Amino acid sequence: MRGGLINVIIGLVFIVGGLSGKMALRGTESGPALAAIGGVLLLIGGYRMLSTKS
């Protein structure tokens, strides 16, 4: 549960930072690419939280 929650939090930070222009993916300097990675982390975290629920 905790690992999934951490993924969700980091994913949200990446999405907000990438779309606001305050953060960018290292090596590409692309904010939208960072937001896309944040979306993937958000989905993985949500899946991990739902699949480990007893």
# chains A, B, ... in the order shown; residues from 1 in each chain; ligands from 1
call {"tool": "residues_around", "arguments": {"residues": "Val8 in chain A", "least_positions_apart": "5", "cutoff": "12 Å", "atoms": "only C-alpha atoms", "output": "ChimeraX atom specification"}}
result
/A:1-3,13-15,37-49
call {"tool": "write_last_selection", "arguments": {"atoms": "C-alpha atoms", "output": "PDB file, in the first residue's frame"}}
result
ATOM      1  CA  MET A   1       0.000   0.000   0.000  1.00  0.00           C
ATOM      2  CA  ARG A   2       2.762   2.422   0.936  1.00  0.00           C
ATOM      3  CA  GLY A   3       4.703   1.927  -2.286  1.00  0.00           C
ATOM      4  CA  VAL A  13       4.183  16.197  -8.450  1.00  0.00           C
ATOM      5  CA  PHE A  14       5.597  15.309 -11.885  1.00  0.00           C
ATOM      6  CA  ILE A  15       2.298  16.094 -13.622  1.00  0.00           C
ATOM      7  CA  ILE A  37       5.913   9.927 -16.906  1.00  0.00           C
ATOM      8  CA  GLY A  38       3.963  11.289 -13.942  1.00  0.00           C
ATOM      9  CA  GLY A  39       0.772   9.898 -15.465  1.00  0.00           C
ATOM     10  CA  VAL A  40       2.363   6.479 -15.818  1.00  0.00           C
ATOM     11  CA  LEU A  41       3.523   6.590 -12.186  1.00  0.00           C
ATOM     12  CA  LEU A  42       0.037   7.619 -11.135  1.00  0.00           C
ATOM     13  CA  LEU A  43      -1.508   4.659 -12.946  1.00  0.00           C
ATOM     14  CA  ILE A  44       1.042   2.205 -11.541  1.00  0.00           C
ATOM     15  CA  GLY A  45       0.543   3.544  -8.020  1.00  0.00           C
ATOM     16  CA  GLY A  46      -3.223   3.306  -8.318  1.00  0.00           C
ATOM     17  CA  TYR A  47      -2.986  -0.255  -9.580  1.00  0.00           C
ATOM     18  CA  ARG A  48      -0.623  -1.240  -6.750  1.00  0.00           C
ATOM     19  CA  MET A  49      -2.923   0.296  -4.148  1.00  0.00           C
TER      20      MET A  49
END
call {"tool": "atom_distance", "arguments": {"atom1": "CA of Gly4 in chain A", "atom2": "CA of Ser20 in chain A"}}
result
24.2 Å
call {"tool": "atom_distance", "arguments": {"atom1": "CA of Asn7 in chain A", "atom2": "CA of Lys22 in chain A"}}
result
19.9 Å
call {"tool": "atom_distance", "arguments": {"atom1": "CA of Met23 in chain A", "atom2": "CA of Ala36 in chain A"}}
result
12.5 Å
